[in-house]
Each structure stands twice: as C-alpha cells, then as structure tokens.
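Engineer: Sending over start-v7.csv (CSV, C-alpha atoms).
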```
chain,number,residue,atom,x,y,z
A,1180,MET,CA,56.3,10.6,54.2
A,1181,VAL,CA,55.0,12.8,51.4
A,1182,THR,CA,58.3,14.7,51.3
A,1183,THR,CA,60.4,11.7,50.1
A,1184,VAL,CA,58.3,11.5,46.9
A,1185,THR,CA,60.0,14.7,45.7
A,1186,SER,CA,63.6,14.0,46.9
A,1187,LEU,CA,66.1,13.2,44.1
A,1188,GLY,CA,67.2,9.7,45.2
A,1189,ARG,CA,63.9,8.8,46.9
A,1190,SER,CA,66.0,7.9,50.0
A,1191,GLY,CA,68.1,9.8,52.5
A,1192,LEU,CA,71.1,7.6,52.0
A,1193,SER,CA,71.0,7.9,48.2
A,1194,ASP,CA,70.6,11.7,48.5
A,1195,TRP,CA,73.5,11.8,50.9
A,1196,MET,CA,75.8,9.9,48.5
A,1197,ILE,CA,74.8,12.0,45.4
A,1198,GLN,CA,75.4,15.2,47.4
A,1199,ARG,CA,79.0,14.1,48.2
A,1200,VAL,CA,79.9,12.8,44.7
A,1201,SER,CA,78.5,15.9,43.0
A,1202,ALA,CA,80.3,18.1,45.5
A,1203,PHE,CA,83.6,16.4,44.6
A,1204,VAL,CA,83.0,16.9,40.8
A,1205,MET,CA,82.1,20.6,41.3
A,1206,THR,CA,85.2,21.2,43.5
A,1207,ALA,CA,87.4,19.6,40.9
A,1208,TYR,CA,85.9,21.8,38.2
A,1209,LEU,CA,86.2,24.9,40.3
A,1210,VAL,CA,89.9,24.1,41.1
A,1211,PHE,CA,90.6,23.5,37.4
A,1212,ILE,CA,88.9,26.7,36.2
A,1213,VAL,CA,90.7,28.8,38.9
A,1214,ALA,CA,94.0,27.2,38.1
A,1215,TYR,CA,93.5,27.8,34.3
A,1216,LEU,CA,92.6,31.5,34.8
A,1217,MET,CA,95.6,32.0,37.1
A,1218,THR,CA,98.0,30.4,34.7
A,1219,THR,CA,96.6,32.3,31.7
A,1220,PRO,CA,96.7,35.9,32.8
A,1221,ASP,CA,96.0,37.5,29.4
A,1222,LEU,CA,93.2,35.2,28.4
A,1223,THR,CA,91.9,35.8,24.8
A,1224,TYR,CA,88.6,34.7,23.3
A,1225,THR,CA,90.4,32.3,20.9
A,1226,GLN,CA,92.1,30.5,23.8
A,1227,TRP,CA,88.9,30.4,25.9
A,1228,ALA,CA,86.8,29.1,23.0
A,1229,ALA,CA,89.4,26.6,22.0
A,1230,LEU,CA,89.5,25.2,25.5
A,1231,HIS,CA,85.7,24.8,25.7
A,1232,SER,CA,85.4,23.2,22.2
A,1233,THR,CA,87.5,20.2,23.0
A,1234,LEU,CA,85.5,17.0,23.8
A,1235,PRO,CA,87.1,16.3,27.3
A,1236,MET,CA,86.4,19.8,28.4
A,1237,ARG,CA,82.8,19.6,27.2
A,1238,MET,CA,82.4,16.3,29.0
A,1239,PHE,CA,83.9,17.8,32.2
A,1240,SER,CA,81.5,20.9,31.9
A,1241,LEU,CA,78.5,18.6,31.2
A,1242,LEU,CA,79.4,16.4,34.2
A,1243,THR,CA,79.7,19.5,36.3
A,1244,ILE,CA,76.3,21.0,35.3
A,1245,LEU,CA,74.6,17.6,35.9
A,1246,SER,CA,76.3,17.6,39.4
A,1247,ILE,CA,75.1,21.2,40.0
A,1248,ALA,CA,71.6,20.2,39.1
A,1249,ALA,CA,71.5,17.1,41.4
A,1250,HIS,CA,73.3,19.0,44.2
A,1251,ALA,CA,70.9,22.0,43.9
A,1252,TRP,CA,67.8,19.7,43.8
A,1253,ILE,CA,68.9,17.9,47.0
A,1254,GLY,CA,70.0,21.1,48.8
A,1255,MET,CA,66.8,23.0,47.9
A,1256,TRP,CA,64.7,20.0,48.8
A,1257,CYS,CA,66.3,20.0,52.3
A,1258,VAL,CA,65.7,23.7,52.8
A,1259,LEU,CA,62.1,23.7,51.5
A,1260,THR,CA,61.1,20.6,53.5
A,1261,ASP,CA,62.7,22.1,56.6
A,1262,TYR,CA,61.2,25.5,56.6
A,1263,ILE,CA,58.0,25.5,54.5
A,1264,THR,CA,56.2,23.2,56.9
A,1265,VAL,CA,52.8,23.1,58.5
A,1266,ARG,CA,54.3,23.6,61.9
A,1267,LEU,CA,56.2,26.7,60.9
A,1268,ILE,CA,53.8,28.5,58.6
A,1269,GLY,CA,50.4,26.8,58.9
A,1270,PRO,CA,48.0,24.6,56.9
A,1271,LYS,CA,48.8,26.1,53.5
A,1272,ALA,CA,52.4,25.0,53.8
A,1273,THR,CA,52.1,21.8,51.8
A,1274,ALA,CA,50.6,23.5,48.8
A,1275,LEU,CA,53.1,26.3,49.0
A,1276,ARG,CA,56.0,23.9,49.3
A,1277,ILE,CA,54.9,21.8,46.4
A,1278,PHE,CA,54.6,25.0,44.3
A,1279,PHE,CA,58.2,26.1,45.2
A,1280,GLN,CA,59.5,22.5,44.7
A,1281,LEU,CA,58.0,22.3,41.2
A,1282,GLY,CA,59.5,25.8,40.4
A,1283,MET,CA,62.9,24.7,41.7
A,1284,MET,CA,62.8,21.5,39.6
A,1285,ALA,CA,61.8,23.5,36.5
A,1286,VAL,CA,64.5,26.0,36.9
A,1287,THR,CA,67.1,23.3,37.6
A,1288,LEU,CA,66.2,21.4,34.4
A,1289,LEU,CA,66.3,24.8,32.4
A,1290,TYR,CA,69.8,25.4,33.7
A,1291,VAL,CA,70.9,22.0,32.3
A,1292,VAL,CA,69.4,22.6,28.9
A,1293,TRP,CA,70.8,26.1,28.8
A,1294,ALA,CA,74.3,24.8,29.7
A,1295,ILE,CA,74.2,22.1,27.0
A,1296,ASP,CA,73.1,24.8,24.5
A,1297,ILE,CA,76.1,27.0,25.5
A,1298,LEU,CA,78.6,24.1,25.5
A,1299,TRP,CA,77.6,22.6,22.1
A,1300,GLY,CA,76.9,26.0,20.5
A,1301,ILE,CA,80.5,27.2,20.4
B,1435,MET,CA,50.7,11.3,65.4
B,1436,ASP,CA,49.5,13.7,68.1
B,1437,LYS,CA,49.4,17.1,66.4
B,1438,LYS,CA,49.3,18.9,69.7
B,1439,ARG,CA,52.4,17.4,71.1
B,1440,PRO,CA,54.7,20.0,72.6
B,1441,VAL,CA,57.7,21.3,70.6
B,1442,ASN,CA,60.4,22.2,73.1
B,1443,LEU,CA,63.2,23.1,70.7
B,1444,ASP,CA,62.6,26.8,70.3
B,1445,ILE,CA,65.8,27.7,68.5
B,1446,GLY,CA,65.2,31.4,69.2
B,1447,THR,CA,65.8,31.0,72.9
B,1448,ILE,CA,69.0,28.9,72.6
B,1449,ARG,CA,72.5,30.4,72.4
B,1450,LEU,CA,73.9,28.7,69.3
B,1451,PRO,CA,77.5,27.4,69.0
B,1452,ILE,CA,79.8,28.5,66.1
B,1453,THR,CA,79.1,25.2,64.3
B,1454,SER,CA,75.4,26.3,64.0
B,1455,TYR,CA,76.3,29.6,62.5
B,1456,VAL,CA,78.7,28.0,60.0
B,1457,SER,CA,76.0,25.5,59.1
B,1458,ILE,CA,73.2,28.1,58.6
B,1459,LEU,CA,75.5,30.3,56.5
B,1460,HIS,CA,76.3,27.2,54.4
B,1461,ARG,CA,72.5,26.8,53.8
B,1462,ALA,CA,72.0,30.5,53.1
B,1463,SER,CA,75.0,30.6,50.6
B,1464,GLY,CA,73.6,27.4,49.0
B,1465,VAL,CA,70.2,29.1,48.4
B,1466,ILE,CA,72.0,32.2,47.0
B,1467,LEU,CA,74.0,29.9,44.7
B,1468,PHE,CA,70.8,28.4,43.3
B,1469,PHE,CA,70.2,31.8,41.7
B,1470,SER,CA,73.8,32.5,41.0
B,1471,ILE,CA,73.9,29.5,38.6
B,1472,ALA,CA,72.0,31.8,36.2
B,1473,VAL,CA,74.8,34.5,36.7
B,1474,PHE,CA,77.5,32.0,36.0
B,1475,LEU,CA,75.7,30.6,32.9
B,1476,CYS,CA,75.2,34.2,31.6
B,1477,LEU,CA,79.0,34.8,32.0
B,1478,LEU,CA,79.8,31.5,30.3
B,1479,GLU,CA,77.4,32.1,27.4
B,1480,GLY,CA,78.7,35.7,26.9
B,1481,SER,CA,82.3,34.7,27.1
B,1482,LEU,CA,81.9,31.9,24.5
B,1483,ASP,CA,79.4,33.4,22.1
B,1484,SER,CA,81.8,35.6,20.1
B,1485,GLU,CA,84.9,37.8,20.4
B,1486,GLN,CA,82.6,40.8,20.7
B,1487,SER,CA,80.5,39.3,23.5
B,1488,PHE,CA,83.7,38.1,25.2
B,1489,ASN,CA,84.9,41.7,25.5
B,1490,ASP,CA,81.4,42.7,26.6
B,1491,VAL,CA,81.6,40.3,29.5
B,1492,LYS,CA,85.0,41.9,30.5
B,1493,ALA,CA,83.3,45.4,30.2
B,1494,LEU,CA,80.5,44.2,32.5
B,1495,PHE,CA,82.9,44.7,35.5
B,1496,ASN,CA,82.8,48.5,34.8
B,1497,ASN,CA,79.1,48.5,35.8
B,1498,PRO,CA,78.9,48.6,39.7
B,1499,LEU,CA,75.7,46.6,39.9
B,1500,CYS,CA,77.0,43.8,37.6
B,1501,GLN,CA,80.3,43.9,39.5
B,1502,PHE,CA,78.5,43.5,42.8
B,1503,ILE,CA,76.3,40.6,41.5
B,1504,VAL,CA,79.4,38.7,40.3
B,1505,TRP,CA,81.2,39.4,43.5
B,1506,ALA,CA,78.3,38.2,45.7
B,1507,SER,CA,78.0,35.0,43.6
B,1508,LEU,CA,81.7,34.3,43.8
B,1509,ALA,CA,81.7,35.1,47.6
B,1510,ALA,CA,78.8,32.7,48.2
B,1511,LEU,CA,80.6,30.1,46.1
B,1512,ALA,CA,83.8,30.6,48.0
B,1513,TYR,CA,82.1,30.2,51.4
B,1514,HIS,CA,79.9,27.2,50.3
B,1515,ALA,CA,82.9,25.4,48.8
B,1516,VAL,CA,85.2,25.9,51.8
B,1517,VAL,CA,82.6,24.8,54.3
B,1518,GLY,CA,81.5,22.0,52.0
B,1519,ILE,CA,85.0,20.7,51.9
B,1520,ARG,CA,84.9,20.7,55.8
B,1521,HIS,CA,81.8,18.4,55.5
B,1522,LEU,CA,83.7,16.1,53.1
B,1523,VAL,CA,86.7,15.9,55.4
B,1524,MET,CA,84.4,15.0,58.3
B,1525,ASP,CA,82.8,12.3,56.2
B,1526,PHE,CA,86.2,10.7,56.0
B,1527,GLY,CA,86.2,10.6,59.8
B,1528,LEU,CA,88.5,13.5,60.4
B,1529,GLY,CA,87.5,16.0,63.1
B,1530,GLU,CA,84.1,14.5,63.9
B,1531,ASP,CA,85.1,12.7,67.1
B,1532,SER,CA,84.0,15.4,69.5
B,1533,PHE,CA,82.2,18.6,69.8
B,1534,GLU,CA,85.4,20.4,70.6
B,1535,SER,CA,87.1,19.3,67.3
B,1536,GLY,CA,83.9,20.2,65.4
B,1537,ARG,CA,84.1,23.7,66.9
B,1538,THR,CA,87.7,23.9,65.9
B,1539,THR,CA,87.1,22.9,62.3
B,1540,ALA,CA,84.2,25.3,62.1
B,1541,TRP,CA,86.5,28.1,63.1
B,1542,VAL,CA,89.2,27.0,60.7
B,1543,ALA,CA,86.7,26.8,57.8
B,1544,LEU,CA,85.3,30.2,58.7
B,1545,VAL,CA,88.7,31.8,58.7
B,1546,LEU,CA,89.7,30.1,55.4
B,1547,ALA,CA,86.4,31.2,53.9
B,1548,VAL,CA,87.1,34.8,54.9
B,1549,VAL,CA,90.6,34.6,53.4
B,1550,VAL,CA,89.2,33.2,50.1
B,1551,ILE,CA,86.4,35.8,50.0
B,1552,ALA,CA,89.1,38.5,50.5
B,1553,LEU,CA,91.0,37.1,47.5
B,1554,VAL,CA,87.8,37.0,45.5
B,1555,THR,CA,87.1,40.7,46.4
B,1556,GLY,CA,90.6,41.7,45.3
B,1557,TRP,CA,90.2,39.8,42.0
B,1558,VAL,CA,86.8,41.4,41.3
B,1559,TYR,CA,87.5,45.0,42.5
B,1560,LEU,CA,91.2,45.5,42.1
B,1561,TRP,CA,92.5,43.4,39.3
```
I'd like the structure from this file rewritten - as structure tokens, please.

Structural biologist:
Amino acid sequence: MVTTVTSLGRSGLSDWMIQRVSAFVMTAYLVFIVAYLMTTPDLTYTQWAALHSTLPMRMFSLLTILSIAAHAWIGMWCVLTDYITVRLIGPKATALRIFFQLGMMAVTLLYVVWAIDILWGI
Amino acid sequence: MDKKRPVNLDIGTIRLPITSYVSILHRASGVILFFSIAVFLCLLEGSLDSEQSFNDVKALFNNPLCQFIVWASLAALAYHAVVGIRHLVMDFGLGEDSFESGRTTAWVALVLAVVVIALVTGWVYLW
C-alpha cells in the first residue's frame, strides 16, 4: 500500500507501539507539570527558569517533544489516510493527501526544532 | 481490486453507540491538539525568555481571545488525555472483554473528561 510509505514506523504494529510509549511519556510530563504548578501557587520567573535549566528537566522536556512529534505524526497519518481518500473525495485525493502529509511532517519537525531552541536558550 | 464493489457501511445511516462518539471526539481533539502544540510552545517560550515576557504571558489571560485559545487547547488536551488513558487501560486487558464494558468505560471516560474540563475552565477563567 502507498499509505504505509508515509507512516512513521512503516508498520501498523510499530506505529501502535510508538503511539502507546509516547502517550505514556506525555502523560507523565503532563502530570508532573500540573503537580508542579499546583504545589507552587505563586510561581516566579526565577523558579520557573531554574526548573527548566536543569539537565534532567531539559531531558524530560526533550523526550516529551519527541514523543509529541511521533504521536502527532502517527495520529495525523491515521486521520489523513482515513478521510482524504479516493473513495471519499475523488481522484485528486492522493495528491491532496500527500500535500497535507508533507505539510504535517514539516510542521512537526519545526515544532521539534522550536522546542529545542526554547529549552537550550534559557 | 474491483473499484465498483459496493460499499455497504454508510455511517450516516447508522445510529452510533457512545463508544463511537467518544472515539470520534478523541480524533477531533487530537487534530485540534496538533495546532495547539504551537500555542503551548508560544507559552513556554514567553514564560522562559525573560522576567518581562513571563509577566506578559500572565497578562495574556486578560485578552478574551488569547484566554479562549488557551482554554480550548487545554480542554482538548484534557479530553484527549483522559480518553487516551482509557485506551491504555484497555491495552492492558481491562474492560475490553465485552461491548457492555466498553460502553461503560466510554461513559466513565466521558464523565471524567467533563470534570477535568470543568476544572480547566475554573483555572483559566476564575483563578
């Protein structure tokens, strides 16, 4: 199938696994950030910047943005290959889908570069 | 493959169960979140750039449009995370034994998501 060429792991099983592992990492990050904000009611810039300049926190944030990128890639691939199909919207579907997929991949990679720039620019 | 083969599954004519609505909303919230990543990165960048920009991010919540965009992003995240955890739980073999249990966990996830979205709304608009 043409569609598997653009899937992240090149196989459904691999995508399935990556989707779950990345979900776990993102949930852990979300729980950590929410717990931090709740236990630090009057957060100051100094505290916030200090937290994000430590190496473990940078690694955790980096791991999370990489998880977000993989998770978004797989999720958007599922949505695009499900709905932008020849059956649903006609013969131009393949070209249109490839266009959206390339746009999605470009945006995803830009997000990763942007996040690294933020995290290592503190 | 025969291109003219009949397609019988016309979803528009079928009354969908709760599991379907929970699933389609999970997809929709996922697509919203793809764009919300930019919102979250903007907030992270502003909050970490300098003391001045940190205060600017706090002041953003005074602008109704900015406030709504942040609220919508957090609401989508809340829903997607809660329903996503339901998927992870089912992957461990819990609640995926029958359609009935699937229906129950779909309702539980939906109610939990509404509660978390209510908390998010309180945090964004009242706190």

Engineer: Provide as a list in words the residues of chain B at most 8 Å from chain A, counting all atoms listed in the file.

Structural biologist: Arg1461, Gly1464, Val1465, Phe1468, Ile1471, Ala1472, Leu1475, Leu1478, Glu1479, Ser1481, Leu1482, Asp1483, Ser1484, Glu1485, Phe1488, Ala1515, Gly1518 and Leu1522 of chain B

Engineer: What's the separation between CA of Gly1529 in chain B and CA of Tyr1455 in chain B, in Å to one decimal place?

Structural biologist: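 CA of Tyr1455 in chain B lies 17.6 Å from CA of Gly1529 in chain B.
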
Engineer: Tell me, in Å to one decimal, how far CA of Leu1242 in chain A is from CA of Ala1506 in chain B.

Structural biologist: 24.7 Å

Engineer: Let me make sure I understand: among A:Ile1263, A:Leu1192, A:Leu1187, A:Leu1241, which one has the smallest atom-to-atom distance to Arg1276 in chain A if we use all atoms listed in the file?

Structural biologist: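 Checking each of A:Ile1263, A:Leu1192, A:Leu1187, A:Leu1241 against Arg1276 in chain A, counting all atoms listed in the file, the winner is A:Ile1263.
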
Engineer: Got a sec to check which residues sit within 12 Å of (66.0, 11.9, 55.9), counting all atoms listed in the file, and write them as an NGL selection string?

Structural biologist: :A and (1180-1184 or 1186-1195 or 1253 or 1256-1257 or 1260-1261)

Engineer: By how many Å are CA of Gly1446 in chain B and CA of Leu1511 in chain B apart?

Structural biologist: 27.8 Å
